[in-house]
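Data file: work20.csv. Format and content: CSV, C-alpha atoms.
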```csv
chain,number,residue,atom,x,y,z
T,1,MET,CA,1.9,5.8,15.1
T,2,GLU,CA,5.6,4.9,14.7
T,3,ASP,CA,4.7,1.4,16.1
T,4,ILE,CA,2.0,0.9,13.5
T,5,ILE,CA,4.4,1.8,10.8
T,6,LYS,CA,7.1,-0.5,12.1
T,7,LYS,CA,4.6,-3.4,12.1
T,8,ARG,CA,3.5,-2.6,8.6
T,9,ILE,CA,7.0,-2.5,7.4
T,10,LYS,CA,7.7,-5.9,8.8
T,11,GLN,CA,4.6,-7.2,6.8
T,12,VAL,CA,5.8,-5.4,3.7
T,13,ILE,CA,9.2,-7.1,4.0
T,14,LYS,CA,7.4,-10.4,4.0
T,15,GLY,CA,5.7,-9.3,0.7
T,16,ASP,CA,2.4,-8.0,2.0
T,17,GLN,CA,1.2,-5.4,-0.5
T,18,GLU,CA,-1.9,-4.5,1.4
T,19,ALA,CA,0.2,-3.4,4.4
T,20,PHE,CA,2.1,-1.3,2.0
T,21,GLY,CA,-1.1,0.3,0.8
T,22,GLU,CA,-1.7,1.5,4.4
T,23,ILE,CA,1.8,3.1,4.5
T,24,VAL,CA,1.0,4.8,1.2
T,25,ASP,CA,-2.2,6.2,2.6
T,26,ILE,CA,-0.4,7.6,5.6
T,27,TYR,CA,2.3,9.4,3.7
T,28,LYS,CA,0.8,10.0,0.2
T,29,ASN,CA,-0.3,13.6,0.9
T,30,SER,CA,3.1,14.8,2.2
T,31,VAL,CA,5.1,13.0,-0.5
T,32,TYR,CA,2.8,14.4,-3.2
T,33,GLN,CA,3.0,17.9,-1.7
T,34,LEU,CA,6.8,17.7,-1.7
T,35,CYS,CA,6.9,16.6,-5.3
T,36,TYR,CA,4.3,19.2,-6.4
T,37,ARG,CA,6.2,22.1,-4.8
T,38,MET,CA,9.5,20.9,-6.1
T,39,LEU,CA,8.2,20.3,-9.7
T,40,GLY,CA,5.4,22.7,-10.0
T,41,ASN,CA,3.2,20.4,-12.1
T,42,ARG,CA,0.5,18.1,-10.7
T,43,HIS,CA,0.9,15.4,-13.3
T,44,GLU,CA,4.6,15.2,-12.9
T,45,ALA,CA,4.2,15.3,-9.1
T,46,GLU,CA,1.8,12.4,-9.1
T,47,ASP,CA,4.2,10.4,-11.3
T,48,ILE,CA,7.2,11.0,-9.2
T,49,ALA,CA,5.4,10.5,-5.9
T,50,GLN,CA,4.2,7.1,-7.2
T,51,GLU,CA,7.7,6.3,-8.3
T,52,ALA,CA,9.0,7.2,-4.8
T,53,PHE,CA,6.6,4.7,-3.2
T,54,ILE,CA,7.5,2.0,-5.7
T,55,ARG,CA,11.2,2.5,-5.0
T,56,ALA,CA,10.5,2.4,-1.3
T,57,TYR,CA,8.6,-0.9,-1.8
T,58,THR,CA,11.2,-2.6,-4.0
T,59,ASN,CA,14.1,-1.4,-1.8
T,60,ILE,CA,12.4,-2.0,1.6
T,61,HIS,CA,15.0,-4.6,2.6
T,62,THR,CA,17.7,-1.9,2.5
T,63,PHE,CA,15.7,0.3,5.0
T,64,ASN,CA,17.3,0.4,8.5
T,65,GLN,CA,14.3,-0.3,10.7
T,66,GLU,CA,16.0,1.6,13.6
T,67,LEU,CA,15.5,4.9,11.7
T,68,LYS,CA,12.5,6.9,10.9
T,69,PHE,CA,10.7,5.6,7.8
T,70,SER,CA,9.4,9.1,6.8
T,71,THR,CA,13.0,10.4,6.6
T,72,TRP,CA,14.0,7.5,4.3
T,73,LEU,CA,10.9,8.0,2.2
T,74,PHE,CA,11.4,11.8,1.9
T,75,ARG,CA,15.0,11.2,0.9
T,76,ILE,CA,13.9,8.9,-2.0
T,77,ALA,CA,11.3,11.4,-3.1
T,78,THR,CA,13.6,14.4,-2.9
T,79,ASN,CA,16.3,12.7,-4.9
T,80,LEU,CA,13.8,11.7,-7.6
T,81,CYS,CA,12.5,15.3,-7.8
T,82,ILE,CA,16.0,16.7,-8.1
T,83,ASP,CA,16.9,14.1,-10.8
T,84,ARG,CA,13.7,15.1,-12.7
T,85,ILE,CA,14.5,18.8,-12.5
T,86,ARG,CA,18.0,18.3,-13.7
T,87,LYS,CA,16.8,16.2,-16.7
T,88,LYS,CA,14.4,18.8,-18.0
T,89,LYS,CA,16.1,22.0,-17.0
T,90,PRO,CA,14.9,24.5,-19.7
T,91,ASP,CA,16.9,27.7,-19.6
T,92,HIS,CA,20.1,27.9,-17.8
T,93,TYR,CA,20.9,31.5,-17.4
T,94,LEU,CA,18.6,32.4,-14.5
T,95,ASP,CA,19.3,29.2,-12.8
T,96,ALA,CA,23.0,29.3,-13.1
T,97,GLU,CA,24.9,29.7,-9.9
T,98,VAL,CA,26.6,33.0,-9.3
T,99,ALA,CA,30.3,32.4,-8.7
T,100,GLY,CA,31.2,32.0,-5.1
T,101,THR,CA,27.7,32.2,-3.6
T,102,GLU,CA,26.9,28.5,-2.8
T,103,GLY,CA,23.8,28.1,-4.9
T,104,LEU,CA,22.7,31.7,-5.2
T,105,THR,CA,21.4,32.3,-8.7
T,106,LEU,CA,20.4,35.4,-10.6
T,107,TYR,CA,16.8,34.9,-9.6
T,108,SER,CA,17.6,35.9,-6.1
T,109,GLN,CA,19.4,39.0,-7.4
T,110,LEU,CA,16.5,40.2,-9.5
T,111,PRO,CA,15.1,43.2,-7.8
T,112,SER,CA,11.3,43.0,-7.4
T,113,GLU,CA,10.6,46.3,-9.1
T,114,THR,CA,7.2,45.3,-10.0
T,115,PRO,CA,5.2,44.7,-6.9
T,116,LEU,CA,2.5,42.1,-7.4
T,117,PRO,CA,-0.9,43.7,-8.1
T,118,GLU,CA,-3.4,44.1,-5.4
T,119,THR,CA,-5.9,41.7,-6.8
T,120,GLU,CA,-3.5,39.0,-5.8
T,121,LEU,CA,-4.5,39.4,-2.3
T,122,GLU,CA,-7.3,37.1,-3.1
T,123,THR,CA,-6.5,33.8,-1.4
T,124,LEU,CA,-6.3,31.6,-4.4
T,125,GLU,CA,-4.1,34.1,-6.2
T,126,LEU,CA,-1.9,34.6,-3.2
T,127,GLN,CA,-1.4,30.8,-3.0
T,128,ASP,CA,-0.6,30.8,-6.6
T,129,ALA,CA,1.9,33.6,-6.1
T,130,VAL,CA,3.6,31.9,-3.2
T,131,HIS,CA,3.7,28.6,-5.1
T,132,LYS,CA,5.4,30.3,-8.1
T,133,GLU,CA,7.9,32.1,-6.0
T,134,ILE,CA,8.9,28.8,-4.3
T,135,LEU,CA,9.4,27.3,-7.7
T,136,LYS,CA,11.7,30.1,-8.7
T,137,LEU,CA,14.0,29.3,-5.9
T,138,PRO,CA,17.1,27.3,-6.8
T,139,GLU,CA,16.4,23.6,-6.1
T,140,LYS,CA,18.9,23.6,-3.2
T,141,TYR,CA,16.9,26.2,-1.3
T,142,ARG,CA,13.6,25.0,-2.5
T,143,SER,CA,13.9,21.5,-1.1
T,144,ALA,CA,15.1,22.9,2.3
T,145,ILE,CA,12.2,25.4,2.5
T,146,ILE,CA,9.6,22.9,1.5
T,147,LEU,CA,10.8,20.3,4.0
T,148,LYS,CA,11.0,22.9,6.7
T,149,TYR,CA,7.8,24.9,6.3
T,150,MET,CA,5.5,22.7,4.3
T,151,GLU,CA,6.4,19.3,5.8
T,152,GLY,CA,7.1,20.9,9.1
T,153,LEU,CA,10.3,18.9,9.7
T,154,SER,CA,13.1,19.6,12.1
T,155,LEU,CA,16.5,20.8,11.0
T,156,ASN,CA,17.9,17.4,12.1
T,157,GLU,CA,15.5,15.5,9.9
T,158,ILE,CA,16.1,17.8,6.9
T,159,SER,CA,19.8,17.3,7.3
T,160,GLU,CA,19.3,13.5,7.2
T,161,ILE,CA,17.0,13.7,4.2
T,162,LEU,CA,19.3,15.9,2.2
T,163,GLY,CA,22.5,14.2,3.5
T,164,LEU,CA,24.0,17.5,4.5
T,165,PRO,CA,25.4,18.9,7.7
T,166,ILE,CA,23.0,21.0,9.8
T,167,GLY,CA,25.0,24.1,9.2
T,168,THR,CA,24.5,23.8,5.4
T,169,VAL,CA,20.8,23.2,5.9
T,170,LYS,CA,20.5,26.3,8.0
T,171,THR,CA,22.3,28.4,5.4
T,172,ARG,CA,20.0,27.1,2.7
T,173,ILE,CA,16.9,27.9,4.7
T,174,HIS,CA,18.2,31.4,5.5
T,175,ARG,CA,18.9,32.1,1.8
T,176,GLY,CA,15.6,30.7,0.7
T,177,ARG,CA,13.8,32.7,3.3
T,178,GLU,CA,15.5,35.9,2.2
T,179,ALA,CA,14.9,35.3,-1.5
T,180,LEU,CA,11.2,34.6,-0.8
T,181,ARG,CA,11.0,37.7,1.4
T,182,GLN,CA,12.2,39.9,-1.4
T,183,GLN,CA,9.7,38.4,-3.9
T,184,LEU,CA,6.8,38.4,-1.6
T,185,ARG,CA,7.3,41.6,0.4
T,186,TYR,CA,4.7,43.6,-1.5
T,187,VAL,CA,2.1,40.9,-1.6
U,188,MET,CA,22.5,50.2,6.5
U,189,CYS,CA,22.1,47.8,9.4
U,190,PRO,CA,24.8,45.4,10.5
U,191,ASP,CA,24.7,41.9,9.0
U,192,HIS,CA,24.8,40.3,12.3
U,193,ILE,CA,21.3,41.6,13.1
U,194,ILE,CA,20.0,39.8,10.0
U,195,GLU,CA,21.8,36.7,11.3
U,196,LEU,CA,20.0,37.1,14.6
U,197,MET,CA,16.7,37.3,12.8
U,198,HIS,CA,17.4,33.9,11.2
U,199,GLU,CA,18.5,32.4,14.5
U,200,TYR,CA,15.2,33.7,16.0
U,201,LEU,CA,13.2,32.2,13.1
U,202,ASP,CA,15.0,28.9,13.5
U,203,GLU,CA,14.1,29.0,17.2
U,204,GLU,CA,17.7,28.6,18.1
U,205,ILE,CA,18.4,32.1,19.6
U,206,ASP,CA,19.5,32.4,23.2
U,207,LEU,CA,18.1,34.9,25.6
U,208,ASP,CA,21.0,37.4,25.4
U,209,LYS,CA,20.9,37.6,21.7
U,210,GLU,CA,17.1,37.8,21.6
U,211,GLN,CA,17.5,40.9,23.8
U,212,ILE,CA,20.0,42.5,21.4
U,213,LEU,CA,17.6,41.8,18.5
U,214,LYS,CA,14.6,43.2,20.3
U,215,GLU,CA,16.4,46.4,21.3
U,216,HIS,CA,17.7,46.9,17.8
U,217,LEU,CA,14.3,46.3,16.2
U,218,GLN,CA,12.7,49.0,18.5
U,219,ASN,CA,15.1,51.5,17.2
U,220,CYS,CA,15.5,50.6,13.6
U,221,LYS,CA,12.5,50.9,11.2
U,222,GLU,CA,14.3,49.2,8.3
U,223,CYS,CA,15.2,46.1,10.3
U,224,GLU,CA,11.7,45.9,11.8
U,225,THR,CA,10.3,45.9,8.3
U,226,ILE,CA,12.7,43.1,7.1
U,227,PHE,CA,11.8,41.1,10.2
U,228,TYR,CA,8.1,41.6,9.6
U,229,GLU,CA,8.5,40.5,6.0
U,230,LEU,CA,10.4,37.4,6.9
U,231,LYS,CA,7.7,36.3,9.3
U,232,LYS,CA,5.0,37.1,6.8
U,233,THR,CA,6.8,35.0,4.2
U,234,ILE,CA,6.9,32.0,6.5
U,235,ILE,CA,3.2,32.4,7.2
U,236,PHE,CA,2.5,32.5,3.5
U,237,VAL,CA,4.6,29.4,2.8
U,238,LYS,CA,2.9,27.5,5.6
U,239,SER,CA,-0.5,28.6,4.5
U,240,ILE,CA,-0.4,26.7,1.2
U,241,SER,CA,0.9,23.5,2.7
U,242,GLN,CA,-2.3,21.4,2.7
U,243,MET,CA,-2.3,19.2,-0.4
U,244,GLN,CA,-4.4,16.2,-1.3
U,245,THR,CA,-3.4,13.5,-3.7
U,246,PRO,CA,-5.7,12.6,-6.6
U,247,PRO,CA,-8.3,10.0,-5.4
U,248,ASP,CA,-6.9,6.8,-7.0
U,249,PHE,CA,-3.3,7.5,-5.8
U,250,THR,CA,-2.9,4.5,-3.6
U,251,ALA,CA,-4.6,2.1,-6.0
U,252,ASN,CA,-2.3,3.3,-8.8
U,253,VAL,CA,0.8,2.8,-6.7
U,254,LEU,CA,-0.3,-0.8,-5.7
U,255,ALA,CA,-1.1,-1.5,-9.4
U,256,ARG,CA,2.4,-0.6,-10.4
U,257,LEU,CA,4.1,-2.9,-7.8
U,258,PRO,CA,5.6,-6.2,-8.8
U,259,LYS,CA,3.3,-9.2,-8.3
U,260,GLU,CA,2.6,-10.3,-4.8
U,261,LYS,CA,3.6,-13.7,-3.6
U,262,LYS,CA,0.8,-16.3,-3.6
U,263,LYS,CA,1.5,-17.4,0.0
U,264,ILE,CA,0.9,-13.9,1.4
U,265,TRP,CA,-2.3,-13.5,-0.6
U,266,MET,CA,-3.6,-16.8,0.8
U,267,LYS,CA,-2.7,-16.0,4.4
U,268,ARG,CA,-4.5,-12.7,4.2
U,269,TRP,CA,-7.6,-14.2,2.6
U,270,LEU,CA,-7.8,-16.8,5.3
U,271,LYS,CA,-7.5,-14.1,8.0
U,272,LYS,CA,-10.2,-12.0,6.3
U,273,HIS,CA,-12.7,-14.8,5.8
U,274,PRO,CA,-12.5,-17.0,9.0
U,275,LEU,CA,-15.9,-18.6,8.4
U,276,LEU,CA,-15.2,-19.4,4.8
U,277,SER,CA,-11.8,-20.8,5.7
U,278,ALA,CA,-13.2,-23.0,8.4
U,279,ALA,CA,-15.8,-24.2,5.9
U,280,SER,CA,-13.1,-24.9,3.2
U,281,LEU,CA,-10.9,-26.6,5.7
U,282,PHE,CA,-13.8,-28.8,6.7
U,283,PHE,CA,-14.5,-29.5,3.0
U,284,ILE,CA,-10.9,-30.4,2.3
U,285,LEU,CA,-10.8,-32.9,5.3
U,286,MET,CA,-14.2,-34.3,4.2
U,287,MET,CA,-12.9,-34.8,0.7
U,288,GLY,CA,-9.8,-36.4,2.0
U,289,SER,CA,-11.7,-38.9,4.1
U,290,LEU,CA,-14.0,-39.7,1.3
U,291,VAL,CA,-11.3,-40.3,-1.2
U,292,SER,CA,-9.4,-42.5,1.2
U,293,ALA,CA,-12.6,-44.4,2.0
U,294,TRP,CA,-13.0,-44.8,-1.8
U,295,ASN,CA,-9.5,-46.1,-2.2
U,296,GLN,CA,-9.8,-48.5,0.8
U,297,ASP,CA,-13.0,-49.9,-0.7
U,298,ARG,CA,-11.3,-51.9,-3.4
U,299,GLU,CA,-12.2,-55.3,-2.0
U,300,PHE,CA,-15.0,-57.4,-3.5
U,301,SER,CA,-18.0,-57.6,-1.2
U,302,VAL,CA,-21.6,-58.5,-1.5
U,303,SER,CA,-24.6,-58.1,0.8
U,304,LYS,CA,-25.6,-61.5,2.3
U,305,GLN,CA,-28.9,-62.9,1.1
U,306,LYS,CA,-30.4,-66.3,0.6
U,307,ASN,CA,-30.2,-67.6,-3.0
U,308,LEU,CA,-27.3,-65.4,-4.1
U,309,VAL,CA,-24.6,-67.4,-5.8
U,310,VAL,CA,-21.1,-66.1,-5.7
U,311,LYS,CA,-18.4,-67.3,-8.2
U,312,ASN,CA,-15.0,-65.5,-7.8
U,313,ASP,CA,-16.0,-61.8,-8.2
U,314,THR,CA,-19.3,-62.5,-9.9
U,315,VAL,CA,-22.6,-62.6,-8.1
U,316,ILE,CA,-25.5,-64.4,-9.7
U,317,VAL,CA,-29.2,-64.3,-9.0
U,318,PRO,CA,-30.0,-67.7,-10.4
U,319,LYS,CA,-32.9,-68.3,-12.9
U,320,GLY,CA,-36.2,-68.8,-11.2
U,321,GLN,CA,-35.0,-67.8,-7.8
U,322,VAL,CA,-36.3,-64.8,-5.8
U,323,VAL,CA,-33.9,-62.7,-3.7
U,324,LYS,CA,-35.5,-60.6,-1.0
U,325,GLY,CA,-34.1,-57.3,0.1
U,326,ASP,CA,-31.5,-54.8,-1.3
U,327,VAL,CA,-28.6,-56.3,-3.1
U,328,ILE,CA,-25.2,-54.4,-3.0
U,329,VAL,CA,-22.2,-55.5,-4.9
U,330,ARG,CA,-18.8,-53.8,-4.5
U,331,ASN,CA,-15.9,-54.3,-7.0
U,332,GLY,CA,-17.6,-57.2,-8.7
U,333,THR,CA,-20.1,-58.1,-11.4
U,334,LEU,CA,-23.7,-58.8,-10.8
U,335,LYS,CA,-25.8,-61.1,-13.2
U,336,ILE,CA,-29.5,-61.0,-12.6
U,337,GLU,CA,-31.2,-64.0,-14.2
U,338,GLY,CA,-33.9,-64.4,-11.6
U,339,GLU,CA,-35.8,-61.8,-9.5
U,340,VAL,CA,-34.7,-59.3,-6.9
U,341,GLN,CA,-37.4,-57.9,-4.7
U,342,GLY,CA,-35.6,-54.7,-3.6
U,343,ASN,CA,-33.0,-52.2,-4.8
U,344,VAL,CA,-29.8,-53.1,-6.6
U,345,THR,CA,-26.6,-51.2,-6.2
U,346,VAL,CA,-23.4,-52.0,-8.0
U,347,ILE,CA,-20.4,-50.0,-6.9
U,348,ASN,CA,-17.3,-50.0,-9.1
U,349,GLY,CA,-18.5,-53.0,-11.1
U,350,GLU,CA,-20.9,-54.1,-13.8
U,351,LYS,CA,-24.4,-55.4,-13.9
U,352,TYR,CA,-26.0,-57.6,-16.4
U,353,LEU,CA,-29.8,-57.9,-16.5
U,354,ALA,CA,-30.9,-61.0,-18.3
U,355,SER,CA,-34.2,-60.7,-20.3
U,356,ALA,CA,-35.9,-63.0,-17.8
U,357,GLY,CA,-34.3,-61.1,-14.9
U,358,HIS,CA,-36.4,-58.7,-12.9
U,359,VAL,CA,-35.8,-56.1,-10.2
U,360,THR,CA,-38.7,-54.6,-8.3
U,361,GLY,CA,-36.8,-51.6,-6.9
U,362,GLU,CA,-34.2,-49.1,-8.3
U,363,ILE,CA,-31.0,-50.1,-10.0
U,364,ASP,CA,-27.9,-48.0,-9.3
U,365,GLU,CA,-24.5,-48.3,-10.9
U,366,ILE,CA,-21.7,-46.3,-9.3
U,367,ASN,CA,-18.4,-46.1,-11.1
U,368,GLU,CA,-17.0,-42.6,-10.6
U,369,VAL,CA,-15.7,-41.0,-7.5
U,370,PHE,CA,-18.2,-38.3,-7.6
U,371,ASP,CA,-21.1,-40.7,-8.1
U,372,TRP,CA,-19.8,-42.6,-5.2
U,373,ILE,CA,-19.5,-39.5,-3.0
U,374,TRP,CA,-23.0,-38.6,-3.7
U,375,TYR,CA,-24.1,-42.1,-2.8
U,376,TYR,CA,-21.9,-42.1,0.3
U,377,MET,CA,-23.4,-38.8,1.4
U,378,LYS,CA,-27.0,-40.0,0.8
U,379,HIS,CA,-26.2,-43.2,2.6
U,380,THR,CA,-24.6,-41.4,5.6
U,381,ALA,CA,-27.5,-39.0,5.8
U,382,LYS,CA,-30.0,-41.9,5.7
U,383,GLU,CA,-28.1,-43.7,8.4
U,384,ALA,CA,-28.1,-40.5,10.5
U,385,VAL,CA,-31.8,-40.2,10.0
U,386,ASP,CA,-32.3,-43.8,10.9
U,387,ILE,CA,-30.3,-43.4,14.1
U,388,LEU,CA,-32.4,-40.4,15.0
U,389,ASN,CA,-35.6,-42.3,14.3
U,390,HIS,CA,-34.7,-45.2,16.6
```
The structure given in the file should be rewritten as structure tokens.
Amino acid sequence: MEDIIKKRIKQVIKGDQEAFGEIVDIYKNSVYQLCYRMLGNRHEAEDIAQEAFIRAYTNIHTFNQELKFSTWLFRIATNLCIDRIRKKKPDHYLDAEVAGTEGLTLYSQLPSETPLPETELETLELQDAVHKEILKLPEKYRSAIILKYMEGLSLNEISEILGLPIGTVKTRIHRGREALRQQLRYV
Amino acid sequence: MCPDHIIELMHEYLDEEIDLDKEQILKEHLQNCKECETIFYELKKTIIFVKSISQMQTPPDFTANVLARLPKEKKKIWMKRWLKKHPLLSAASLFFILMMGSLVSAWNQDREFSVSKQKNLVVKNDTVIVPKGQVVKGDVIVRNGTLKIEGEVQGNVTVINGEKYLASAGHVTGEIDEINEVFDWIWYYMKHTAKEAVDILNH
């Protein structure tokens, strides 16, 4: 697999767009998923995912071929999502960091007094509930949780994608897990 | 209230980074502490929930839309790929190009005046005359010259890259062909080559 991708990248560097199409086909679902879970909106997710691939294409000569292509691609996509979230941030108060908590917001301190109703046990509604709870996470935790549990990446890869030390990545995953647990415990 | 370090151990466990000693401590604690057991169960459940919604498909035209938004591809690459994809067509077009090349060069080389050799033909500079009252038997071919027919030709007349004057008294029993353009000439050349090939086969 990695060999095929290396070969395709060499062709892309020479300007072959069809080879790039194959790369898009291989990664499109994971990149789209990352964007959708980060942004919460299919239309925006498609737009940003496309943008990520276009950036990868136009900057392919800056990609270090010794490294894993997916890591580089996810990094581009994650950064684009975070930029987009920051540009459109609607209300600040619930998203604002609580002093001295490294990214902990008021969301994570809201007690889940209202357990989600039983009808939500239906698969679709459960999926919807999980999706919404992920979206409520502060973006720092959200990206770590998505990369870890939806993209199935190792802590090492996540630390490379986010450009953070492994320790920080772990902390974010722990906090994200804890916040989700509190919201989803009664589901 | 349970000690924080037990929660810490749960996370280590979930990260699959716990060592055996610590795992033992965690297990023992969980057996004796309902509260921690619940938390641990909820954490694992949360992970399963998150993983369970992780299958997503892009809209159908995704790849095509990305490719459409890319800057224009270089011509050279496009050509290369086309040749690779259509080996038969590229062989045919290569043959065609070579064929055209040889034809054009043959056309260019053929600038010299020449005329088929027959009795009774009179040649003056670049002009060939079939004199009045004379009969020329066989096909007459004139290249890069003028042909004046005042007498009779019993056969075909072909004038390549030149002019032909047929006097009122002149007479040609066969076909008259005048070839001035490259394409006319190619057509003639191909007919001629084919005819020769057929002749060779017949003999």
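Reported to one decimal place, the separation of atom CA of Ala144 of chain T from atom CA of Gly176 of chain T is 8.0 Å.
Distance-wise, atom CA of Phe236 of chain U and atom CA of Lys88 of chain T end up 28.1 Å apart.
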Query - Neighbours of chain T in chain U at 12 Å, counting all atoms listed in the file, as a ChimeraX atom specification - result: /U:194-204,225-269
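The nearest approach to Thr380 of chain U among the residues U:Lys319, U:Ile336, U:Leu290, U:Leu353, with only C-alpha atoms taken into account, belongs to U:Leu290.
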Report task. Please provide the set of residues having any atom within 10 Å of Asp313 of chain U, restricted to only C-alpha atoms, with same-chain residues fewer than 4 positions apart removed, written as a list in words. Result -> Glu299, Phe300, Ser301, Val302, Val329, Arg330, Asn331, Gly332, Thr333, Leu334 and Gly349 of chain U
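At a cut-off of 12 Å from (15.4, 3.7, 11.5), the residue set is Glu2, Asp3, Ile5, Lys6, Ile9, Ile60, Thr62, Phe63, Asn64, Gln65, Glu66, Leu67, Lys68, Phe69, Ser70, Thr71, Trp72, Leu73, Glu157 and Glu160 of chain T (counting only C-alpha atoms).
The coordinates place atom CA of Lys10 of chain T at 9.7 Å from atom CA of His61 of chain T.
Comparing U:Val344, U:Val359, U:Ile373, U:Val317 by their smallest distance to Ser289 of chain U, the closest is U:Ile373 (using all atoms listed in the file).
With only C-alpha atoms as the basis for measurement, T:Val169 is the residue among T:Ile85, T:Ile4, T:Ala19, T:Val169 that approaches Tyr141 of chain T most closely.
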